[in-house]
Amino acid sequence: MQAVTDIEVVPSGDALGAEIRGIDLSRPLDDETFGTIEAAFNEHSVLYFRNQDLKPEQLIEYARRFGEVQTLGFDHYAMNDHPEILYVSNIQDKGKDIGYADAGSVWHTDMSYEPHPPRATMLHAKEVPVTEDGTVLGDTLFASAVKAYESLPTGMQEKLQGLRAVHDVAGRRRKTGTADPEDQKKHEAYPLMPHPVVRVHPWTGKKVIYVNNGECGAIEGMEESEALALIEELADTVVRDEFIYRHKWAVGDVIMWDNCAVQHLALKDYKLPLRRMMWRITVGYTDVYE
Ligand code: SIN
């Protein structure tokens, strides 16, 4: 059992994000140690742990401390014996992707098209793309939707109160122009989902902009062009440079982000033969409060 005295929380120096040092996630955590990590998570929204080497069941056990671990719908990319873990990867076998290669290619917050979107998502880096000159590619960017809300003028904050944006499971592909025939089936599984434009964080009580360019295509009761302009303005605010932490990956990293507080984007600036392999796990079901 690891003790709370081992832990160091080192803020990234950016608007969000902190490194947790002194913890081996393959070993059980006592309640006090977990409490310190959870408090840091609520405060910094993104936590990263370096030099971890977890087996699937160890990652799942750690994730379980934050809520119910989800089994995802993209079953063909899930780990055989551990369907809680999804491969996010560009690696192919016989010409076919073995993982979800497209994950995170536009700014979004995970599964905002669900009635109870996940609390947290975790990635464990098993392979990262490195060029011959040693440059690591495939960074992930995180933006604080809390700081972005706090930056809005009072008049705008008031205008947003009571508005509900419509989240679309196929919105990402609509944005990237890659709509596919599966979208109809996805809409049957996940009907369009309205959520408040300003969400109250279930753990911190802080207000958050809960609108993203990837998945929101309408605001209830608002004329389309006005709604799209407002969505774009808010989404652009969230991803302003001053609200971003950019994660440079190393093999062994475990990173977790707070889907209630953060949007993220995976940079697709690498190609095979440079390989990237992440194990991804999603945890907790949240209520979306206004
Ligand atoms: C994701 O959006 O889940 C993937 C992020 C990444 O691959 O960096």
# chains A, B, ... in the order shown; residues from 1 in each chain; ligands from 1
>>> residues_near_ligand(ligand="ligand 1", cutoff="10 Å", atoms="only C-alpha atoms and all ligand atoms", output="ChimeraX atom specification")
/A:86-90,100-110,121-125,138-142,247-249,255,257,263-268,276-282
>>> select_by_dssp(residues="segment 159-270 of chain A", states="strand (DSSP E or B)", output="ChimeraX atom specification")
/A:164-167,193-196,198-200,207-209,216-219,244-247,254-258,262-266
>>> residues_around(residues="segment 285-288 of chain A", least_positions_apart="3", cutoff="8 Å", atoms="only C-alpha atoms", output="list in words")
Gly67, Glu68, Pro115, His116, Pro117, Pro118, Arg119, His195, Pro196, Arg199, Val200 and Pro202 of chain A
>>> select_by_dssp(residues="segment 80-225 of chain A", states="helix (DSSP H, G or I)", output="PDB file with N, CA and C atoms, in the first residue's frame")
ATOM      1  N   ALA A 145     -12.153  24.454 -19.999  1.00  0.00           N
ATOM      2  CA  ALA A 145     -13.441  25.092 -20.270  1.00  0.00           C
ATOM      3  C   ALA A 145     -13.922  25.863 -19.044  1.00  0.00           C
ATOM      4  N   VAL A 146     -13.265  25.648 -17.900  1.00  0.00           N
ATOM      5  CA  VAL A 146     -13.579  26.410 -16.682  1.00  0.00           C
ATOM      6  C   VAL A 146     -12.965  27.807 -16.801  1.00  0.00           C
ATOM      7  N   LYS A 147     -11.657  27.838 -17.106  1.00  0.00           N
ATOM      8  CA  LYS A 147     -10.973  29.147 -17.238  1.00  0.00           C
ATOM      9  C   LYS A 147     -11.609  29.933 -18.378  1.00  0.00           C
ATOM     10  N   ALA A 148     -12.007  29.213 -19.431  1.00  0.00           N
ATOM     11  CA  ALA A 148     -12.620  29.899 -20.571  1.00  0.00           C
ATOM     12  C   ALA A 148     -13.927  30.564 -20.143  1.00  0.00           C
ATOM     13  N   TYR A 149     -14.744  29.843 -19.341  1.00  0.00           N
ATOM     14  CA  TYR A 149     -16.001  30.442 -18.874  1.00  0.00           C
ATOM     15  C   TYR A 149     -15.696  31.684 -18.033  1.00  0.00           C
ATOM     16  N   GLU A 150     -14.713  31.550 -17.143  1.00  0.00           N
ATOM     17  CA  GLU A 150     -14.398  32.663 -16.237  1.00  0.00           C
ATOM     18  C   GLU A 150     -13.907  33.889 -16.998  1.00  0.00           C
ATOM     19  N   SER A 151     -13.380  33.674 -18.211  1.00  0.00           N
ATOM     20  CA  SER A 151     -12.859  34.801 -19.003  1.00  0.00           C
ATOM     21  C   SER A 151     -13.971  35.571 -19.724  1.00  0.00           C
ATOM     22  N   THR A 154     -19.333  39.507 -18.177  1.00  0.00           N
ATOM     23  CA  THR A 154     -20.546  39.177 -17.423  1.00  0.00           C
ATOM     24  C   THR A 154     -21.779  39.130 -18.327  1.00  0.00           C
ATOM     25  N   GLY A 155     -21.856  40.049 -19.278  1.00  0.00           N
ATOM     26  CA  GLY A 155     -23.030  40.106 -20.166  1.00  0.00           C
ATOM     27  C   GLY A 155     -23.169  38.798 -20.944  1.00  0.00           C
ATOM     28  N   MET A 156     -22.061  38.272 -21.387  1.00  0.00           N
ATOM     29  CA  MET A 156     -22.093  37.015 -22.145  1.00  0.00           C
ATOM     30  C   MET A 156     -22.465  35.873 -21.203  1.00  0.00           C
ATOM     31  N   GLN A 157     -21.898  35.852 -20.002  1.00  0.00           N
ATOM     32  CA  GLN A 157     -22.246  34.781 -19.046  1.00  0.00           C
ATOM     33  C   GLN A 157     -23.758  34.780 -18.803  1.00  0.00           C
ATOM     34  N   GLU A 158     -24.325  35.970 -18.673  1.00  0.00           N
ATOM     35  CA  GLU A 158     -25.780  36.050 -18.425  1.00  0.00           C
ATOM     36  C   GLU A 158     -26.573  35.559 -19.638  1.00  0.00           C
ATOM     37  N   LYS A 159     -26.099  35.944 -20.831  1.00  0.00           N
ATOM     38  CA  LYS A 159     -26.804  35.553 -22.066  1.00  0.00           C
ATOM     39  C   LYS A 159     -26.853  34.019 -22.216  1.00  0.00           C
ATOM     40  N   LEU A 160     -25.801  33.335 -21.721  1.00  0.00           N
ATOM     41  CA  LEU A 160     -25.710  31.881 -21.926  1.00  0.00           C
ATOM     42  C   LEU A 160     -26.588  31.084 -20.967  1.00  0.00           C
ATOM     43  N   GLY A 171     -21.356  14.279 -35.104  1.00  0.00           N
ATOM     44  CA  GLY A 171     -20.951  15.652 -35.383  1.00  0.00           C
ATOM     45  C   GLY A 171     -19.508  15.786 -35.822  1.00  0.00           C
ATOM     46  N   ARG A 172     -18.632  14.960 -35.247  1.00  0.00           N
ATOM     47  CA  ARG A 172     -17.213  15.044 -35.580  1.00  0.00           C
ATOM     48  C   ARG A 172     -16.965  14.771 -37.039  1.00  0.00           C
ATOM     49  N   ARG A 173     -17.637  13.721 -37.537  1.00  0.00           N
ATOM     50  CA  ARG A 173     -17.406  13.385 -38.941  1.00  0.00           C
ATOM     51  C   ARG A 173     -18.074  14.423 -39.845  1.00  0.00           C
ATOM     52  N   ARG A 174     -19.202  14.985 -39.367  1.00  0.00           N
ATOM     53  CA  ARG A 174     -19.803  16.058 -40.151  1.00  0.00           C
ATOM     54  C   ARG A 174     -18.785  17.189 -40.293  1.00  0.00           C
ATOM     55  N   LYS A 175     -18.086  17.513 -39.210  1.00  0.00           N
ATOM     56  CA  LYS A 175     -17.102  18.606 -39.249  1.00  0.00           C
ATOM     57  C   LYS A 175     -15.907  18.266 -40.119  1.00  0.00           C
ATOM     58  N   THR A 176     -15.477  16.997 -40.079  1.00  0.00           N
ATOM     59  CA  THR A 176     -14.274  16.647 -40.836  1.00  0.00           C
ATOM     60  C   THR A 176     -14.635  16.134 -42.238  1.00  0.00           C
ATOM     61  N   ASP A 183     -23.422   6.165 -39.500  1.00  0.00           N
ATOM     62  CA  ASP A 183     -23.939   7.282 -38.708  1.00  0.00           C
ATOM     63  C   ASP A 183     -25.418   7.125 -38.382  1.00  0.00           C
ATOM     64  N   GLN A 184     -26.185   6.581 -39.342  1.00  0.00           N
ATOM     65  CA  GLN A 184     -27.616   6.401 -39.098  1.00  0.00           C
ATOM     66  C   GLN A 184     -27.842   5.486 -37.896  1.00  0.00           C
ATOM     67  N   LYS A 185     -27.045   4.378 -37.853  1.00  0.00           N
ATOM     68  CA  LYS A 185     -27.177   3.426 -36.733  1.00  0.00           C
ATOM     69  C   LYS A 185     -26.802   4.101 -35.426  1.00  0.00           C
ATOM     70  N   LYS A 186     -25.758   4.943 -35.497  1.00  0.00           N
ATOM     71  CA  LYS A 186     -25.313   5.620 -34.270  1.00  0.00           C
ATOM     72  C   LYS A 186     -26.394   6.565 -33.766  1.00  0.00           C
ATOM     73  N   HIS A 187     -27.073   7.228 -34.705  1.00  0.00           N
ATOM     74  CA  HIS A 187     -28.139   8.134 -34.281  1.00  0.00           C
ATOM     75  C   HIS A 187     -29.271   7.379 -33.607  1.00  0.00           C
ATOM     76  N   GLU A 188     -29.495   6.123 -34.073  1.00  0.00           N
ATOM     77  CA  GLU A 188     -30.549   5.330 -33.415  1.00  0.00           C
ATOM     78  C   GLU A 188     -30.126   5.001 -31.981  1.00  0.00           C
ATOM     79  N   ALA A 189     -28.832   4.693 -31.799  1.00  0.00           N
ATOM     80  CA  ALA A 189     -28.338   4.367 -30.452  1.00  0.00           C
ATOM     81  C   ALA A 189     -28.222   5.616 -29.584  1.00  0.00           C
ATOM     82  N   GLU A 224     -30.479  28.950 -36.884  1.00  0.00           N
ATOM     83  CA  GLU A 224     -29.267  28.157 -37.136  1.00  0.00           C
ATOM     84  C   GLU A 224     -27.991  28.999 -37.249  1.00  0.00           C
ATOM     85  N   SER A 225     -28.051  30.069 -38.052  1.00  0.00           N
ATOM     86  CA  SER A 225     -26.793  30.806 -38.271  1.00  0.00           C
ATOM     87  C   SER A 225     -26.335  31.489 -36.975  1.00  0.00           C
TER      88      SER A 225
END
>>> atom_distance(atom1="atom CA of Asp31 of chain A", atom2="atom CA of Arg65 of chain A")
9.6 Å
>>> atom_distance(atom1="atom CA of Lys271 of chain A", atom2="atom CA of Val136 of chain A")
12.3 Å
>>> residues_around(residues="Glu19 of chain A", least_positions_apart="4", cutoff="7 Å", atoms="only C-alpha atoms", output="PyMOL selection string")
chain A and resi 9-12+47-49
>>> closest_residue(among="A:Asp24, A:Lys96, A:Ala143, A:Asp6", to="Asp241 of chain A", atoms="only C-alpha atoms")
A:Ala143
>>> atom_distance(atom1="atom CA of Gly252 of chain A", atom2="atom CA of Leu54 of chain A")
8.1 Å
